[in-house]
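Student: My questions all concern the structure below.
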2 protein chains.
Amino acid sequence: MRRIVIIGFESAGLTAASAARLTDRAAKITVIERRIYAIYHPCGLPFAISGDVPHIRHLVEPAPRMPGVDVRICTEAKVIDVGAKVVEIQERKTQRSERIRYDSLILATGSLAFRPPTPGAELGNVHTLRTMRDGEEILAALPRVNRAVVVGAGPVGIEVAVALKERGLGVTLVELMPSVLPGMLDPDMSDAVIERLGHAGVRTLCGKRVERIEGVEKVESVILEGEKVPADLVILATGVKPDIGLAKDAGIELGVTGAIKVDDHLRTSAPDVYAAGDCAEATCFLTKRPILSQLATTAIRMGKVAGINAAGGDEVFPGVLNTIVSSAYSMEIASTGLTTHSAKEVGIEPVAARIRTLNRPYYYPGAEPIIVKLLIEPSKRKIIGGQIIGDGAAERANMLAFAIKYGTTVDELARIEYCHAPPVSDCIEPLIVAAEAVLRKL
Amino acid sequence: MRRIVIIGFESAGLTAASAARLTDRAAKITVIERRIYAIYHPCGLPFAISGDVPHIRHLVEPAPRMPGVDVRICTEAKVIDVGAKVVEIQERKTQRSERIRYDSLILATGSLAFRPPTPGAELGNVHTLRTMRDGEEILAALPRVNRAVVVGAGPVGIEVAVALKERGLGVTLVELMPSVLPGMLDPDMSDAVIERLGHAGVRTLCGKRVERIEGVEKVESVILEGEKVPADLVILATGVKPDIGLAKDAGIELGVTGAIKVDDHLRTSAPDVYAAGDCAEATCFLTKRPILSQLATTAIRMGKVAGINAAGGDEVFPGVLNTIVSSAYSMEIASTGLTTHSAKEVGIEPVAARIRTLNRPYYYPGAEPIIVKLLIEPSKRKIIGGQIIGDGAAERANMLAFAIKYGTTVDELARIEYCHAPPVSDCIEPLIVAAEAVLRKL
């Protein structure tokens, strides 16, 4: 009987357990999770802060019933002995230790909030937003704060800025890069997001470094280059870093990104040890370079592959395009593949077109704009990236991700079949409008 | 200088003119349109009846400016001489006739409402819904009617039944086939639509033939097998038939469907004569059999191919999957490819799975169901059809149409990359849930 041990029970660990269960019905599967509750949904945290999710505890759920899967919560993996194939675990309440043997081990330890080394970041009311506790602390602070600074305008930064604004705070969003959502959008696309935030009263400052955070015990202001922004709440939405302590201590190789290095079967350098999710390095499908993906959907897809392989299957992880969606005031913002910046970084000079069309026919009341930017590698005429703002952005990004994986050319994209009904969509599909705009430039 | 004549100025004719213009910048393009206005949007008619589109005249627009395209409205094509390559046209107001020569001719004559040979169908307040005049007559009748029967539960029938209900009428929807939207959905999917209509008070009767319509001058009741339904308004939403009179008189070959026969370049049997849109036969991409597609999106796609080829280009029309979307009370209903019924008709015994999931995570308030049915040809494991009800149904049908064209297997569909954000989508893409459900059956 195969013994599979999984460390971590977020998206990757949960999916790995389920996939391993389906692959080897007889395997004994043990999941080690340090949290006191089985599952929570970190992607939901900004929406618990906004109040859209009425209570933050709704983000927590018990482990689903999976026959033959032993989920040990409130239990910490302390040491991995990759030679002996043993994990030493400790129950947090009883301090009782145990050594459990594995035939296959999956590291799904996830990530930790990255706290930048900014002076003053240790002051009171300066929070990251990664755990339930972070969320609860921010919610507890809300009644006593008025002015927030959100540092970092990635998806979480945007979502939490909107959330705090919805709660009635004055909000300043500060981003080091020259535009918001820099990992997802080209600057000419992100302007629409800044505009929408501005409409709602969120002040966005791009290209600004936070020099220090000032205050006595609690934060009082955030010092940017040349500006002092008063603040009694600061959210550091400055990303996450892979949680690789256990792996490192066990001598498992890390990659150039600092995450656990894996091959296309998600095998680590240690025999029969796999890694999946935020703690593991992903490969960019287009460039084949190692990247940090750190999306729930990537964790789910990696977890499945690791779970199948750990249970004796043979499944390849093809890499990721970092297909991602975020939202700000019901404006859907999605992207997939390379941006102009990331394309240039790998030596591709993309041809791109940006179009603006409607989500419904002009004559249908309530028609709203859809903006699409499509990036092409001109020598092959192949799609390498897409950015969409508006209704159906997520599904269109998914479609473009699929097209990129199939090596679809812009010529083919201009000829896709689609459907139309006035309450649902305009009579020409926006992706086709964008493809035709690119074709006129080639 | 190439002379291109296009007869008809709906979706196919308009797109053909535009594509021909782009293909041959020097061509002289003449469009002949019998209507007194250039363009109207028949897909919008049910929504003008509901009042969603506040005035039916909003569905009419002038011809877009296309340099070198001479659009002659209120002008009828009377005779085509395919030997001499001449079209005889007549201005409707002045009765002035003219013979115009063509190097290429595109027939984009569209379709006419099909009026079934039901006794009493000629009574007052019995309407089809294809033209602006139909729409205006129905709107004019509304203040004096209370009970409507809609005959035919295709997309237009569903949309107009909802529209009349919204206008406060009692509505009975009668369908000859055992389920609604029979061309789009399997019966187990259409149940959700019947339920939604029922909630709103629309009575749906499936598997019922209309024997006759009774009344004195105006309709008073509709007689079904074994039931008399009182009605002072009847909408015959019984489909359209290709408008092939001109083509037939010119000796141009018709296909088995009764529409104009075309090859993969949309050439008809007459030299340099093309046909596109509702008047032309389409080919099913999967079965390669001739079918009537008669969708605006198909007309646009065919019009583009015909326009390019008529202007000297070389463009193939790959066939259609009849990707289609309709809506009922903000419930999006879409499908692509074969249904179980149409698969069996061509000798395929599909393996199918139907799943129900949510458009958002369970913890996000307002999460609503998405239902997906996926059909597979088991020997090849390839997707042959998909039906979706719920948010993003249209884009998901488009995605499946793309997947079908690429010969995607259900295994590949289960591995697509997708994105997730709580206000936008659940953390597992519904198409993947459906693919995994099919895989469990294979």
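Within each chain, counting starts at residue 1; across the structure tokens, chains are named A, B, ... in the order shown, with ligands numbered 1 upward in that order.
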Hey, could you make a per-residue contact list for chain B against chain A with 7 Å as the cut-off, showing the nearest pair of atoms and its distance in Å to one decimal, counting only C-alpha atoms, sorted by chain and number, as JSON lines?

Tutor:
{"residue": "B:Cys43", "atom": "CA", "partner": "A:Pro422", "partner_atom": "CA", "distance": 6.8}
{"residue": "B:Gly44", "atom": "CA", "partner": "A:Pro422", "partner_atom": "CA", "distance": 6.1}
{"residue": "B:Val53", "atom": "CA", "partner": "A:Tyr364", "partner_atom": "CA", "distance": 5.6}
{"residue": "B:His58", "atom": "CA", "partner": "A:Tyr363", "partner_atom": "CA", "distance": 5.9}
{"residue": "B:Leu59", "atom": "CA", "partner": "A:Tyr363", "partner_atom": "CA", "distance": 6.5}
{"residue": "B:Thr297", "atom": "CA", "partner": "A:Cys419", "partner_atom": "CA", "distance": 6.2}
{"residue": "B:Thr323", "atom": "CA", "partner": "A:Cys419", "partner_atom": "CA", "distance": 5.4}
{"residue": "B:Ile324", "atom": "CA", "partner": "A:Cys419", "partner_atom": "CA", "distance": 4.8}
{"residue": "B:Val325", "atom": "CA", "partner": "A:Cys419", "partner_atom": "CA", "distance": 5.8}
{"residue": "B:Ser326", "atom": "CA", "partner": "A:Ala421", "partner_atom": "CA", "distance": 5.8}
{"residue": "B:Tyr363", "atom": "CA", "partner": "A:His58", "partner_atom": "CA", "distance": 5.9}
{"residue": "B:Tyr364", "atom": "CA", "partner": "A:Val53", "partner_atom": "CA", "distance": 5.6}
{"residue": "B:Pro365", "atom": "CA", "partner": "A:Val53", "partner_atom": "CA", "distance": 6.4}
{"residue": "B:Gly392", "atom": "CA", "partner": "A:Gly392", "partner_atom": "CA", "distance": 6.5}
{"residue": "B:Ala394", "atom": "CA", "partner": "A:Cys419", "partner_atom": "CA", "distance": 6.4}
{"residue": "B:Glu395", "atom": "CA", "partner": "A:Glu395", "partner_atom": "CA", "distance": 6.0}
{"residue": "B:Arg396", "atom": "CA", "partner": "A:Glu395", "partner_atom": "CA", "distance": 6.9}
{"residue": "B:Asn398", "atom": "CA", "partner": "A:Tyr418", "partner_atom": "CA", "distance": 4.9}
{"residue": "B:Met399", "atom": "CA", "partner": "A:Met399", "partner_atom": "CA", "distance": 5.8}
{"residue": "B:Ala401", "atom": "CA", "partner": "A:Glu417", "partner_atom": "CA", "distance": 6.5}
{"residue": "B:Phe402", "atom": "CA", "partner": "A:Ile416", "partner_atom": "CA", "distance": 6.6}
{"residue": "B:Ile416", "atom": "CA", "partner": "A:Phe402", "partner_atom": "CA", "distance": 6.6}
{"residue": "B:Glu417", "atom": "CA", "partner": "A:Asn398", "partner_atom": "CA", "distance": 6.5}
{"residue": "B:Tyr418", "atom": "CA", "partner": "A:Asn398", "partner_atom": "CA", "distance": 4.9}
{"residue": "B:Cys419", "atom": "CA", "partner": "A:Ile324", "partner_atom": "CA", "distance": 4.8}
{"residue": "B:His420", "atom": "CA", "partner": "A:Val325", "partner_atom": "CA", "distance": 6.0}
{"residue": "B:Ala421", "atom": "CA", "partner": "A:Ser326", "partner_atom": "CA", "distance": 5.8}
{"residue": "B:Pro422", "atom": "CA", "partner": "A:Gly44", "partner_atom": "CA", "distance": 6.1}
{"residue": "B:Cys427", "atom": "CA", "partner": "A:Thr297", "partner_atom": "CA", "distance": 6.8}

Student: If we count only C-alpha atoms and set the cut-off at 12 Å, which residues sit around Gly239 in chain A, ignoring sequence neighbours fewer than 4 positions away in its own chain? Please answer as a ChimeraX atom specification.

Tutor: /A:111-116,128-130,151-157,181,183,235,278,292-295

Student: Need to verify the contact set: Ala310 in chain B, 9 Å, only C-alpha atoms, exclusion of same-chain residues closer than 5 positions in sequence. Can you return it as a PyMOL selection string?

Tutor: chain B and resi 4+16+20+103-106+267+272-274+305

Student: What are the DSSP alpha helix (DSSP H) residues of range 368-429 of chain B, as a VMD selection string?

Tutor: chain B and resid 393 to 405 410 to 413

Student: Those selected residues, please, written with N, CA and C atoms and delivered as a PDB file, in the first residue's frame.

Tutor:
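Resulting contents of part12.pdb:
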ATOM      1  N   ALA B 393     -22.226  31.847 -20.462  1.00  0.00           N
ATOM      2  CA  ALA B 393     -22.563  30.727 -21.354  1.00  0.00           C
ATOM      3  C   ALA B 393     -22.069  31.003 -22.774  1.00  0.00           C
ATOM      4  N   ALA B 394     -22.252  32.238 -23.238  1.00  0.00           N
ATOM      5  CA  ALA B 394     -21.878  32.571 -24.617  1.00  0.00           C
ATOM      6  C   ALA B 394     -20.382  32.365 -24.836  1.00  0.00           C
ATOM      7  N   GLU B 395     -19.574  32.924 -23.939  1.00  0.00           N
ATOM      8  CA  GLU B 395     -18.121  32.814 -24.114  1.00  0.00           C
ATOM      9  C   GLU B 395     -17.668  31.362 -23.967  1.00  0.00           C
ATOM     10  N   ARG B 396     -18.332  30.611 -23.121  1.00  0.00           N
ATOM     11  CA  ARG B 396     -17.950  29.202 -22.976  1.00  0.00           C
ATOM     12  C   ARG B 396     -18.352  28.402 -24.209  1.00  0.00           C
ATOM     13  N   ALA B 397     -19.484  28.744 -24.817  1.00  0.00           N
ATOM     14  CA  ALA B 397     -19.856  28.073 -26.070  1.00  0.00           C
ATOM     15  C   ALA B 397     -18.842  28.420 -27.158  1.00  0.00           C
ATOM     16  N   ASN B 398     -18.416  29.688 -27.188  1.00  0.00           N
ATOM     17  CA  ASN B 398     -17.391  30.090 -28.167  1.00  0.00           C
ATOM     18  C   ASN B 398     -16.107  29.281 -27.961  1.00  0.00           C
ATOM     19  N   MET B 399     -15.740  29.126 -26.707  1.00  0.00           N
ATOM     20  CA  MET B 399     -14.528  28.364 -26.366  1.00  0.00           C
ATOM     21  C   MET B 399     -14.664  26.918 -26.834  1.00  0.00           C
ATOM     22  N   LEU B 400     -15.834  26.325 -26.590  1.00  0.00           N
ATOM     23  CA  LEU B 400     -16.023  24.934 -27.016  1.00  0.00           C
ATOM     24  C   LEU B 400     -16.052  24.825 -28.541  1.00  0.00           C
ATOM     25  N   ALA B 401     -16.609  25.829 -29.215  1.00  0.00           N
ATOM     26  CA  ALA B 401     -16.604  25.816 -30.680  1.00  0.00           C
ATOM     27  C   ALA B 401     -15.158  25.808 -31.181  1.00  0.00           C
ATOM     28  N   PHE B 402     -14.346  26.615 -30.556  1.00  0.00           N
ATOM     29  CA  PHE B 402     -12.924  26.680 -30.894  1.00  0.00           C
ATOM     30  C   PHE B 402     -12.270  25.320 -30.637  1.00  0.00           C
ATOM     31  N   ALA B 403     -12.585  24.735 -29.495  1.00  0.00           N
ATOM     32  CA  ALA B 403     -12.016  23.430 -29.137  1.00  0.00           C
ATOM     33  C   ALA B 403     -12.449  22.358 -30.139  1.00  0.00           C
ATOM     34  N   ILE B 404     -13.702  22.409 -30.544  1.00  0.00           N
ATOM     35  CA  ILE B 404     -14.188  21.411 -31.518  1.00  0.00           C
ATOM     36  C   ILE B 404     -13.430  21.569 -32.832  1.00  0.00           C
ATOM     37  N   LYS B 405     -13.252  22.815 -33.257  1.00  0.00           N
ATOM     38  CA  LYS B 405     -12.548  23.047 -34.532  1.00  0.00           C
ATOM     39  C   LYS B 405     -11.107  22.539 -34.467  1.00  0.00           C
ATOM     40  N   VAL B 410     -11.470  15.459 -24.729  1.00  0.00           N
ATOM     41  CA  VAL B 410     -11.996  15.769 -23.396  1.00  0.00           C
ATOM     42  C   VAL B 410     -10.852  15.771 -22.377  1.00  0.00           C
ATOM     43  N   ASP B 411      -9.823  14.966 -22.630  1.00  0.00           N
ATOM     44  CA  ASP B 411      -8.647  14.947 -21.761  1.00  0.00           C
ATOM     45  C   ASP B 411      -7.967  16.317 -21.771  1.00  0.00           C
ATOM     46  N   GLU B 412      -7.832  16.896 -22.949  1.00  0.00           N
ATOM     47  CA  GLU B 412      -7.210  18.215 -23.050  1.00  0.00           C
ATOM     48  C   GLU B 412      -8.086  19.293 -22.404  1.00  0.00           C
ATOM     49  N   LEU B 413      -9.390  19.179 -22.613  1.00  0.00           N
ATOM     50  CA  LEU B 413     -10.298  20.183 -22.031  1.00  0.00           C
ATOM     51  C   LEU B 413     -10.213  20.165 -20.506  1.00  0.00           C
TER      52      LEU B 413
END

Student: Within 9 Å of range 199-209 of chain A, counting only C-alpha atoms, which residues qualify if same-chain residues fewer than 3 places away don't, as number ranges by chain?

Tutor: A: 153, 161-162, 165, 170-180, 194-196, 223-225, 329

Student: Skipping near chain neighbours, those fewer than 5 positions away, what residues fall within 7 Å of Pro62 in chain A using only C-alpha atoms, listed as JSON, numbers by chain?

Tutor: {"A": [37, 38, 39]}

Student: I want to know what sits within 12 Å of Arg356 in chain A, based on only C-alpha atoms, with residues of the same chain fewer than 4 positions away left out; could you give that as a ChimeraX atom specification?

Tutor: /A:189,192,368-374,387-390,429-434,437

Student: With N, CA and C atoms kept, could you save the residues just selected as a compact mmCIF listing (two decimals), in the first residue's frame?

Tutor:
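Saved to selection_17.txt:
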# COMPACT_ATOMS: atom_id res chain seq x y z
N MET A 189 -3.39 49.89 -21.01
CA MET A 189 -4.59 49.21 -20.52
C MET A 189 -4.88 49.61 -19.08
N ALA A 192 -7.25 52.60 -17.82
CA ALA A 192 -8.70 52.47 -17.62
C ALA A 192 -9.01 52.06 -16.18
N GLU A 368 -21.87 48.49 -22.36
CA GLU A 368 -20.67 49.02 -21.72
C GLU A 368 -19.42 48.64 -22.50
N PRO A 369 -18.36 49.43 -22.32
CA PRO A 369 -17.16 49.15 -23.12
C PRO A 369 -16.46 47.85 -22.75
N ILE A 370 -15.89 47.23 -23.75
CA ILE A 370 -14.91 46.16 -23.56
C ILE A 370 -13.63 46.63 -24.26
N ILE A 371 -12.53 46.53 -23.56
CA ILE A 371 -11.25 46.90 -24.17
C ILE A 371 -10.41 45.63 -24.28
N VAL A 372 -9.86 45.39 -25.44
CA VAL A 372 -9.02 44.20 -25.65
C VAL A 372 -7.69 44.63 -26.22
N LYS A 373 -6.62 44.12 -25.66
CA LYS A 373 -5.30 44.29 -26.26
C LYS A 373 -4.75 42.91 -26.57
N LEU A 374 -4.29 42.76 -27.78
CA LEU A 374 -3.81 41.47 -28.24
C LEU A 374 -2.36 41.63 -28.68
N GLN A 387 -5.01 40.99 -23.08
CA GLN A 387 -5.46 41.74 -21.90
C GLN A 387 -6.87 42.22 -22.20
N ILE A 388 -7.78 42.00 -21.27
CA ILE A 388 -9.18 42.34 -21.52
C ILE A 388 -9.75 43.04 -20.30
N ILE A 389 -10.46 44.13 -20.54
CA ILE A 389 -11.19 44.81 -19.47
C ILE A 389 -12.65 44.90 -19.90
N GLY A 390 -13.53 44.38 -19.06
CA GLY A 390 -14.96 44.45 -19.37
C GLY A 390 -15.64 43.12 -19.12
N GLU A 429 -17.59 39.55 -32.19
CA GLU A 429 -16.86 39.18 -30.99
C GLU A 429 -15.64 40.11 -30.82
N PRO A 430 -15.47 40.68 -29.64
CA PRO A 430 -14.33 41.62 -29.41
C PRO A 430 -12.97 41.01 -29.74
N LEU A 431 -12.78 39.71 -29.49
CA LEU A 431 -11.48 39.09 -29.81
C LEU A 431 -11.22 39.15 -31.32
N ILE A 432 -12.29 39.05 -32.11
CA ILE A 432 -12.13 39.14 -33.57
C ILE A 432 -11.79 40.57 -33.96
N VAL A 433 -12.46 41.52 -33.35
CA VAL A 433 -12.16 42.93 -33.63
C VAL A 433 -10.68 43.21 -33.34
N ALA A 434 -10.20 42.67 -32.22
CA ALA A 434 -8.80 42.87 -31.86
C ALA A 434 -7.86 42.17 -32.84
N ALA A 437 -7.63 44.11 -35.95
CA ALA A 437 -6.81 45.31 -35.74
C ALA A 437 -5.32 44.97 -35.81

Student: Between CA of Glu159 in chain A and CA of Asp134 in chain A, what is the distance in Å, rounded to a tenth?

Tutor: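 We find that CA of Glu159 in chain A and CA of Asp134 in chain A lie 15.1 Å from each other.
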
Student: As a PyMOL selection string, list the residues of range 108-308 of chain A assigned to strand (DSSP E or B) by DSSP on the backbone atoms of this structure.

Tutor: chain A and resi 111-113+124+126-128+147-151+170-175+203-206+210-216+218-224+227-230+233-236+240-242+254+260+267+273-275+280+282-284+290-291

Student: Quick one, how far is CA of Glu88 in chain B from CA of Ile100 in chain B?

Tutor: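 Going from CA of Glu88 in chain B over to CA of Ile100 in chain B, I get 6.3 Å.
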
Student: For Glu76 in chain A, work out the shell of residues within 8 Å, counting only C-alpha atoms and skipping chain neighbours fewer than 3 positions away, then give it as number ranges by chain.

Tutor: A: 32-34, 89-92

Student: With only C-alpha atoms as the basis for distance, which of B:Ile80, B:Glu98, B:Met66, B:Asp232 is at the shortest distance from Ala148 in chain B?

Tutor: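 Using only C-alpha atoms, Ala148 in chain B sits closest to B:Asp232.
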